[in-house]
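Peer 1: See final_25.txt below, with compact mmCIF, C-alpha atoms.
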```txt
# COMPACT_ATOMS: atom_id res chain seq x y z
CA ASP W 1 31.36 13.79 18.52
CA CYS W 2 29.68 10.72 17.04
CA ALA W 3 31.22 7.26 17.13
CA SER W 4 30.34 6.81 13.48
CA GLY W 5 32.26 9.90 12.51
CA GLY W 6 29.12 11.47 11.03
CA GLU W 7 27.65 14.85 11.74
CA ILE W 8 25.61 15.46 14.85
CA VAL W 9 22.04 16.15 13.87
CA LYS W 10 19.70 17.90 16.27
CA PRO W 11 16.02 18.76 16.06
CA ALA W 12 14.81 22.28 15.50
CA SER W 13 13.69 23.98 18.71
CA PHE W 14 10.15 23.34 19.94
CA GLU W 15 7.96 23.80 22.99
CA TYR W 16 7.40 20.71 25.12
CA GLU W 17 4.17 19.83 26.95
CA ARG W 18 3.46 16.71 29.01
CA PRO W 19 -0.27 16.54 29.82
CA SER W 20 -1.55 14.07 32.40
CA THR W 21 -5.05 13.54 30.94
CA ILE W 22 -6.53 12.93 27.51
CA ASP W 23 -8.60 16.13 27.89
CA GLU W 24 -5.44 18.16 28.52
CA ALA W 25 -3.75 16.62 25.47
CA VAL W 26 -6.78 17.28 23.27
CA GLU W 27 -6.94 20.87 24.49
CA LEU W 28 -3.29 21.39 23.52
CA LEU W 29 -3.86 19.78 20.13
CA ALA W 30 -6.96 21.93 19.53
CA ASP W 31 -4.74 25.03 19.71
CA GLU W 32 -3.95 25.26 16.02
CA SER W 33 -1.94 28.45 16.39
CA LYS W 34 1.04 26.07 16.71
CA PHE W 35 2.08 23.09 14.61
CA ASN W 36 1.76 20.22 17.09
CA ARG W 37 3.11 16.67 17.07
CA VAL W 38 2.29 13.93 19.56
CA LEU W 39 5.05 11.89 21.16
CA ALA W 40 4.25 8.40 22.48
CA GLY W 41 7.46 6.36 22.53
CA GLY W 42 9.57 8.37 20.12
CA GLN W 43 11.05 5.47 18.17
CA SER W 44 9.57 6.78 14.91
CA LEU W 45 9.27 10.48 15.69
CA GLY W 46 12.70 10.89 17.32
CA PRO W 47 14.72 10.19 14.17
CA MET W 48 12.31 12.35 12.15
CA LEU W 49 12.94 15.23 14.56
CA ASN W 50 16.71 14.75 14.48
CA LEU W 51 16.75 14.75 10.68
CA ARG W 52 14.35 17.70 10.69
CA LEU W 53 11.85 15.77 8.62
CA ALA W 54 9.37 16.79 11.33
CA GLN W 55 9.65 20.31 12.74
CA PRO W 56 6.79 20.87 15.16
CA GLU W 57 6.47 24.10 17.08
CA ARG W 58 5.17 22.10 20.04
CA LEU W 59 5.72 18.48 21.04
CA ILE W 60 2.94 16.98 23.17
CA ASP W 61 4.27 14.03 25.15
CA ILE W 62 1.37 11.70 26.03
CA THR W 63 3.42 9.19 28.03
CA ASN W 64 2.19 10.61 31.35
CA ILE W 65 -1.47 9.78 30.59
CA SER W 66 -2.21 6.62 32.56
CA GLU W 67 -5.35 5.78 30.55
CA LEU W 68 -3.18 5.44 27.43
CA LYS W 69 -1.09 2.73 29.10
CA ARG W 70 -4.09 0.38 29.44
CA ALA W 71 -3.88 -3.17 28.16
CA ASP W 72 -7.19 -4.73 29.18
CA ARG W 73 -8.80 -7.93 27.99
CA ASP W 74 -12.53 -8.53 28.02
CA GLY W 75 -13.26 -11.95 26.59
CA ASP W 76 -12.50 -11.90 22.87
CA TYR W 77 -11.63 -8.19 22.92
CA MET W 78 -8.41 -6.46 23.87
CA THR W 79 -8.04 -2.72 24.51
CA LEU W 80 -4.57 -1.29 23.99
CA GLY W 81 -3.81 2.31 24.87
CA ALA W 82 -1.61 4.36 22.56
CA CYS W 83 1.28 4.23 25.04
CA VAL W 84 1.40 0.45 25.47
CA THR W 85 4.97 -0.50 24.64
CA HIS W 86 6.07 -3.39 22.47
CA SER W 87 7.96 -4.87 25.43
CA ARG W 88 4.85 -4.79 27.60
CA LEU W 89 3.05 -6.94 25.04
CA GLU W 90 6.09 -9.15 24.62
CA ASP W 91 6.13 -9.67 28.39
CA GLY W 92 2.55 -10.91 28.49
CA ALA W 93 0.16 -7.95 28.85
CA ALA W 94 -2.01 -9.70 26.25
CA GLU W 95 -1.14 -13.24 27.29
CA GLY W 96 -3.13 -15.82 25.37
CA PHE W 97 -5.00 -13.25 23.27
CA ALA W 98 -5.20 -14.20 19.57
CA ASN W 99 -3.23 -17.38 20.29
CA GLY W 100 -0.16 -15.41 21.37
CA MET W 101 0.02 -13.34 18.18
CA LEU W 102 0.61 -10.03 19.97
CA GLU W 103 3.50 -11.42 22.02
CA SER W 104 5.02 -12.92 18.89
CA VAL W 105 4.74 -9.72 16.88
CA ALA W 106 6.18 -7.64 19.73
CA ASN W 107 9.08 -10.06 20.18
CA GLY W 108 10.06 -9.61 16.52
CA ILE W 109 10.34 -5.83 16.67
CA ALA W 110 13.93 -4.58 16.57
CA CYS W 111 15.90 -4.99 19.82
CA ARG W 112 14.76 -4.84 23.44
CA ALA W 113 15.83 -1.20 23.82
CA VAL W 114 13.49 -0.20 20.99
CA ARG W 115 10.70 -2.42 22.34
CA ASN W 116 11.04 -0.76 25.76
CA ARG W 117 10.23 2.68 24.30
CA GLY W 118 8.29 2.03 21.09
CA THR W 119 4.50 2.03 21.35
CA VAL W 120 1.58 0.54 19.51
CA GLY W 121 0.04 4.00 19.15
CA GLY W 122 3.17 5.52 17.66
CA SER W 123 3.48 2.66 15.22
CA LEU W 124 -0.09 3.12 14.02
CA ALA W 125 -0.05 6.94 13.99
CA HIS W 126 2.88 7.00 11.55
CA ALA W 127 1.30 4.41 9.21
CA ASP W 128 4.76 3.22 8.25
CA PRO W 129 4.29 0.32 5.82
CA ALA W 130 7.41 -1.34 7.24
CA ALA W 131 6.01 -1.34 10.80
CA ASP W 132 4.73 -4.57 12.34
CA TRP W 133 1.57 -3.43 14.16
CA PRO W 134 -0.51 -2.06 11.27
CA VAL W 135 -0.56 -5.38 9.41
CA ALA W 136 -0.88 -7.51 12.54
CA LEU W 137 -3.78 -5.48 13.92
CA LEU W 138 -5.50 -5.27 10.54
CA THR W 139 -5.59 -9.06 10.44
CA LEU W 140 -7.33 -9.04 13.85
CA GLY W 141 -9.98 -6.56 12.68
CA ALA W 142 -8.80 -3.86 15.10
CA GLU W 143 -10.60 -0.59 15.64
CA ILE W 144 -9.04 2.68 16.75
CA THR W 145 -10.51 5.42 18.94
CA ILE W 146 -9.43 8.98 18.22
CA ALA W 147 -10.10 11.74 20.76
CA GLY W 148 -10.83 15.21 19.44
CA PRO W 149 -11.93 18.53 20.91
CA THR W 150 -15.67 17.85 20.54
CA ASP W 151 -15.96 14.07 20.61
CA GLN W 152 -14.32 10.72 19.99
CA ARG W 153 -14.31 8.87 16.68
CA ARG W 154 -14.06 5.14 16.40
CA LEU W 155 -12.85 3.70 13.11
CA PRO W 156 -11.94 0.28 11.81
CA LEU W 157 -8.14 0.29 11.49
CA ALA W 158 -8.59 -0.33 7.75
CA ASP W 159 -10.34 3.07 7.51
CA PHE W 160 -7.74 4.78 9.71
CA LEU W 161 -4.73 3.71 7.61
CA LEU W 162 -5.34 5.61 4.36
CA ALA W 163 -2.02 5.11 2.57
CA PRO W 164 1.65 4.69 3.46
CA PHE W 165 2.44 7.39 6.04
CA GLU W 166 -1.13 8.75 5.85
CA THR W 167 -3.89 8.26 8.42
CA ALA W 168 -7.35 9.59 9.18
CA LEU W 169 -5.96 11.83 11.95
CA GLN W 170 -7.14 15.38 11.46
CA SER W 171 -5.82 18.74 12.51
CA GLY W 172 -6.64 19.45 16.17
```
Let me see whether you can do it: turn the structure in this file into structure tokens.
Peer 2:
Amino acid sequence: DCASGGEIVKPASFEYERPSTIDEAVELLADESKFNRVLAGGQSLGPMLNLRLAQPERLIDITNISELKRADRDGDYMTLGACVTHSRLEDGAAEGFANGMLESVANGIACRAVRNRGTVGGSLAHADPAADWPVALLTLGAEITIAGPTDQRRLPLADFLLAPFETALQSG
């Protein structure tokens, strides 16, 4: 029963994996016998699953990978893991970096509940033109590191975001 009176929509069934290392996640993704999707915060993917716009056979939840929660500053450079939440940036994980731009952008994203779950990585991976992070990080000249089964690729964000809803992520 929904408060809005609408129909209840549920995702199609899928397997669920929660790796604890990047290598484990990459190994799962390399298994192309299943259609895989990665879950970071779920603020973009969750509604797509519920509406069955995305119907993976296996969901790979990367939120248990501590390395992907990094928010480290080294002088003029900031490293943000894929699972860094909007609220973490809003609360000062990048304090003073880019004259407070990251805190300001994070603060403007939806409501606190969404900022508590939504991630920078999820925002970028969906390449949603309405999302805040792609434009903000493009203006800072951000680069993205993509882990694959044989190596890692590092791309300027401008080369990663190919078109609305299309990125340089490849199968596996």
Peer 1: When you draw a straight line from atom CA of W:Ile146 to atom CA of W:His86, how long is it in Å?
Peer 2: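 Distance reported for this atom pair: 20.3 Å.
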Peer 1: Can you tell me how far atom CA of W:Ala94 sits from atom CA of W:Asp61, in Å to one decimal?
Peer 2: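 Spanning atom CA of W:Ala94 to atom CA of W:Asp61 is a straight-line distance of 24.6 Å.
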Peer 1: W:Val105, W:Arg117, W:Pro149, W:Phe14: which is nearest W:Leu137, counting all atoms listed in the file?
Peer 2: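 Once distances to W:Leu137 are computed over all atoms listed in the file, the minimum belongs to W:Val105.
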Peer 1: So that I can check the surroundings of W:Ala82, please list as an MDAnalysis selection string every protein, DNA and RNA residue that reaches within 12 Å of it, counting all atoms listed in the file and ignoring chain neighbours fewer than 6 positions away.
Peer 2: chainID W and resid 22 38:41 61:71 118:125 133 144:147
Peer 1: Just how far from atom CA of W:Leu169 is atom CA of W:Leu59, in Å to one decimal?
Peer 2: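 Computing it gives 16.2 Å between the two atoms.
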Peer 1: Pick from W:Thr150, W:Ser20, W:Gln170, W:Thr139: nearest to W:Met101, with all atoms listed in the file counted?
Peer 2: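 Using all atoms listed in the file, W:Met101 sits closest to W:Thr139.
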Peer 1: Residues within 12 Å of stretch 74-76 of chain W, please, as a list in words. Count all atoms listed in the file; anything in the same chain fewer than 6 positions from it doesn't count.
Peer 2: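 Counting only the stated atoms, we get Ala94, Gly96, Phe97, Ala98, Asn99, Leu140, Gly141 and Ala142 of chain W.
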Peer 1: Quick one: of W:Pro129, W:Thr167, W:Ala93, W:Gln43, who's nearest to W:Gly81, counting all atoms listed in the file?
Peer 2: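 Looking only at the distances to W:Gly81, the closest residue turns out to be W:Ala93.
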Peer 1: Need to verify the contact set: W:Ala130, 12 Å, only C-alpha atoms, exclusion of same-chain residues closer than 6 positions in sequence. Can you return it as a ChimeraX atom specification?
Peer 2: /W:44,109-110,123-124,136,164-165
Peer 1: Tell me which of W:Leu138, W:Ser13, W:Leu102, W:Gly172 sits closest to W:Leu157, counting all atoms listed in the file.
Peer 2: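 Looking at the shortest contact to W:Leu157, the residue is W:Leu138.
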Peer 1: Considering all atoms listed in the file, can you say which of W:Glu24, W:Glu17, W:Asp159, W:Asp151 comes closest to W:Asn36?
Peer 2: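 Selected residue with least distance to W:Asn36: W:Glu17.
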Peer 1: Output file request: stretch 4-39 of chain W, with N, CA and C atoms, as an mmCIF file, in the first residue's frame.
Peer 2:
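Saved to part.cif:
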```cif
data_model
loop_
_atom_site.group_PDB
_atom_site.id
_atom_site.type_symbol
_atom_site.label_atom_id
_atom_site.label_comp_id
_atom_site.auth_asym_id
_atom_site.auth_seq_id
_atom_site.Cartn_x
_atom_site.Cartn_y
_atom_site.Cartn_z
ATOM 1 N N SER W 4 0.814 7.362 -1.770
ATOM 2 C CA SER W 4 0.384 8.159 -2.918
ATOM 3 C C SER W 4 -0.792 7.534 -3.646
ATOM 4 N N GLY W 5 -1.098 6.297 -3.290
ATOM 5 C CA GLY W 5 -2.206 5.620 -3.958
ATOM 6 C C GLY W 5 -1.777 4.942 -5.246
ATOM 7 N N GLY W 6 -0.510 5.058 -5.601
ATOM 8 C CA GLY W 6 -0.006 4.450 -6.831
ATOM 9 C C GLY W 6 0.297 2.980 -6.642
ATOM 10 N N GLU W 7 0.722 2.364 -7.717
ATOM 11 C CA GLU W 7 1.075 0.957 -7.670
ATOM 12 C C GLU W 7 2.431 0.782 -6.993
ATOM 13 N N ILE W 8 2.606 -0.353 -6.363
ATOM 14 C CA ILE W 8 3.904 -0.695 -5.802
ATOM 15 C C ILE W 8 4.748 -1.279 -6.926
ATOM 16 N N VAL W 9 5.918 -0.733 -7.103
ATOM 17 C CA VAL W 9 6.808 -1.211 -8.144
ATOM 18 C C VAL W 9 8.017 -1.842 -7.466
ATOM 19 N N LYS W 10 8.383 -3.017 -7.919
ATOM 20 C CA LYS W 10 9.505 -3.728 -7.331
ATOM 21 C C LYS W 10 10.469 -4.138 -8.429
ATOM 22 N N PRO W 11 11.748 -4.229 -8.068
ATOM 23 C CA PRO W 11 12.726 -4.655 -9.078
ATOM 24 C C PRO W 11 12.552 -6.123 -9.437
ATOM 25 N N ALA W 12 13.062 -6.468 -10.604
ATOM 26 C CA ALA W 12 13.131 -7.872 -10.987
ATOM 27 C C ALA W 12 14.127 -8.553 -10.045
ATOM 28 N N SER W 13 14.041 -9.856 -9.913
ATOM 29 C CA SER W 13 14.959 -10.548 -9.000
ATOM 30 C C SER W 13 16.386 -10.507 -9.554
ATOM 31 N N PHE W 14 17.350 -10.507 -8.626
ATOM 32 C CA PHE W 14 18.766 -10.490 -8.992
ATOM 33 C C PHE W 14 19.580 -11.101 -7.863
ATOM 34 N N GLU W 15 20.784 -11.540 -8.195
ATOM 35 C CA GLU W 15 21.732 -11.987 -7.187
ATOM 36 C C GLU W 15 22.366 -10.748 -6.577
ATOM 37 N N TYR W 16 22.822 -10.888 -5.336
ATOM 38 C CA TYR W 16 23.428 -9.753 -4.631
ATOM 39 C C TYR W 16 24.784 -10.171 -4.080
ATOM 40 N N GLU W 17 25.817 -9.409 -4.408
ATOM 41 C CA GLU W 17 27.169 -9.651 -3.907
ATOM 42 C C GLU W 17 27.671 -8.375 -3.250
ATOM 43 N N ARG W 18 28.433 -8.530 -2.165
ATOM 44 C CA ARG W 18 28.992 -7.373 -1.460
ATOM 45 C C ARG W 18 30.478 -7.620 -1.194
ATOM 46 N N PRO W 19 31.318 -7.403 -2.203
ATOM 47 C CA PRO W 19 32.754 -7.643 -2.031
ATOM 48 C C PRO W 19 33.368 -6.656 -1.041
ATOM 49 N N SER W 20 34.516 -7.049 -0.465
ATOM 50 C CA SER W 20 35.174 -6.168 0.499
ATOM 51 C C SER W 20 36.481 -5.590 -0.044
ATOM 52 N N THR W 21 36.851 -5.955 -1.287
ATOM 53 C CA THR W 21 38.043 -5.375 -1.911
ATOM 54 C C THR W 21 37.739 -5.033 -3.367
ATOM 55 N N ILE W 22 38.551 -4.137 -3.909
ATOM 56 C CA ILE W 22 38.402 -3.786 -5.329
ATOM 57 C C ILE W 22 38.659 -5.013 -6.189
ATOM 58 N N ASP W 23 39.663 -5.818 -5.840
ATOM 59 C CA ASP W 23 39.962 -7.028 -6.620
ATOM 60 C C ASP W 23 38.767 -7.983 -6.659
ATOM 61 N N GLU W 24 38.087 -8.149 -5.521
ATOM 62 C CA GLU W 24 36.902 -9.011 -5.494
ATOM 63 C C GLU W 24 35.800 -8.450 -6.392
ATOM 64 N N ALA W 25 35.597 -7.141 -6.336
ATOM 65 C CA ALA W 25 34.567 -6.508 -7.172
ATOM 66 C C ALA W 25 34.897 -6.670 -8.652
ATOM 67 N N VAL W 26 36.149 -6.456 -9.001
ATOM 68 C CA VAL W 26 36.576 -6.579 -10.403
ATOM 69 C C VAL W 26 36.417 -8.021 -10.875
ATOM 70 N N GLU W 27 36.738 -8.978 -10.007
ATOM 71 C CA GLU W 27 36.567 -10.382 -10.371
ATOM 72 C C GLU W 27 35.102 -10.701 -10.663
ATOM 73 N N LEU W 28 34.200 -10.185 -9.836
ATOM 74 C CA LEU W 28 32.770 -10.393 -10.075
ATOM 75 C C LEU W 28 32.335 -9.741 -11.386
ATOM 76 N N LEU W 29 32.808 -8.533 -11.628
ATOM 77 C CA LEU W 29 32.442 -7.826 -12.855
ATOM 78 C C LEU W 29 33.011 -8.500 -14.100
ATOM 79 N N ALA W 30 34.169 -9.147 -13.962
ATOM 80 C CA ALA W 30 34.800 -9.822 -15.097
ATOM 81 C C ALA W 30 34.010 -11.046 -15.545
ATOM 82 N N ASP W 31 33.165 -11.576 -14.660
ATOM 83 C CA ASP W 31 32.311 -12.710 -15.003
ATOM 84 C C ASP W 31 31.157 -12.189 -15.852
ATOM 85 N N GLU W 32 31.330 -12.278 -17.152
ATOM 86 C CA GLU W 32 30.336 -11.734 -18.069
ATOM 87 C C GLU W 32 29.241 -12.730 -18.418
ATOM 88 N N SER W 33 29.191 -13.849 -17.693
ATOM 89 C CA SER W 33 28.088 -14.781 -17.912
ATOM 90 C C SER W 33 26.801 -14.217 -17.318
ATOM 91 N N LYS W 34 26.933 -13.164 -16.506
ATOM 92 C CA LYS W 34 25.784 -12.486 -15.899
ATOM 93 C C LYS W 34 25.838 -11.010 -16.263
ATOM 94 N N PHE W 35 24.666 -10.391 -16.365
ATOM 95 C CA PHE W 35 24.590 -8.948 -16.568
ATOM 96 C C PHE W 35 24.717 -8.307 -15.192
ATOM 97 N N ASN W 36 25.819 -7.609 -14.966
ATOM 98 C CA ASN W 36 26.141 -7.028 -13.670
ATOM 99 C C ASN W 36 25.870 -5.535 -13.644
ATOM 100 N N ARG W 37 25.502 -5.034 -12.475
ATOM 101 C CA ARG W 37 25.425 -3.597 -12.219
ATOM 102 C C ARG W 37 26.087 -3.343 -10.875
ATOM 103 N N VAL W 38 26.746 -2.196 -10.774
ATOM 104 C CA VAL W 38 27.420 -1.819 -9.534
ATOM 105 C C VAL W 38 26.523 -0.873 -8.751
ATOM 106 N N LEU W 39 26.455 -1.104 -7.447
ATOM 107 C CA LEU W 39 25.689 -0.258 -6.542
ATOM 108 C C LEU W 39 26.659 0.471 -5.629
#
```
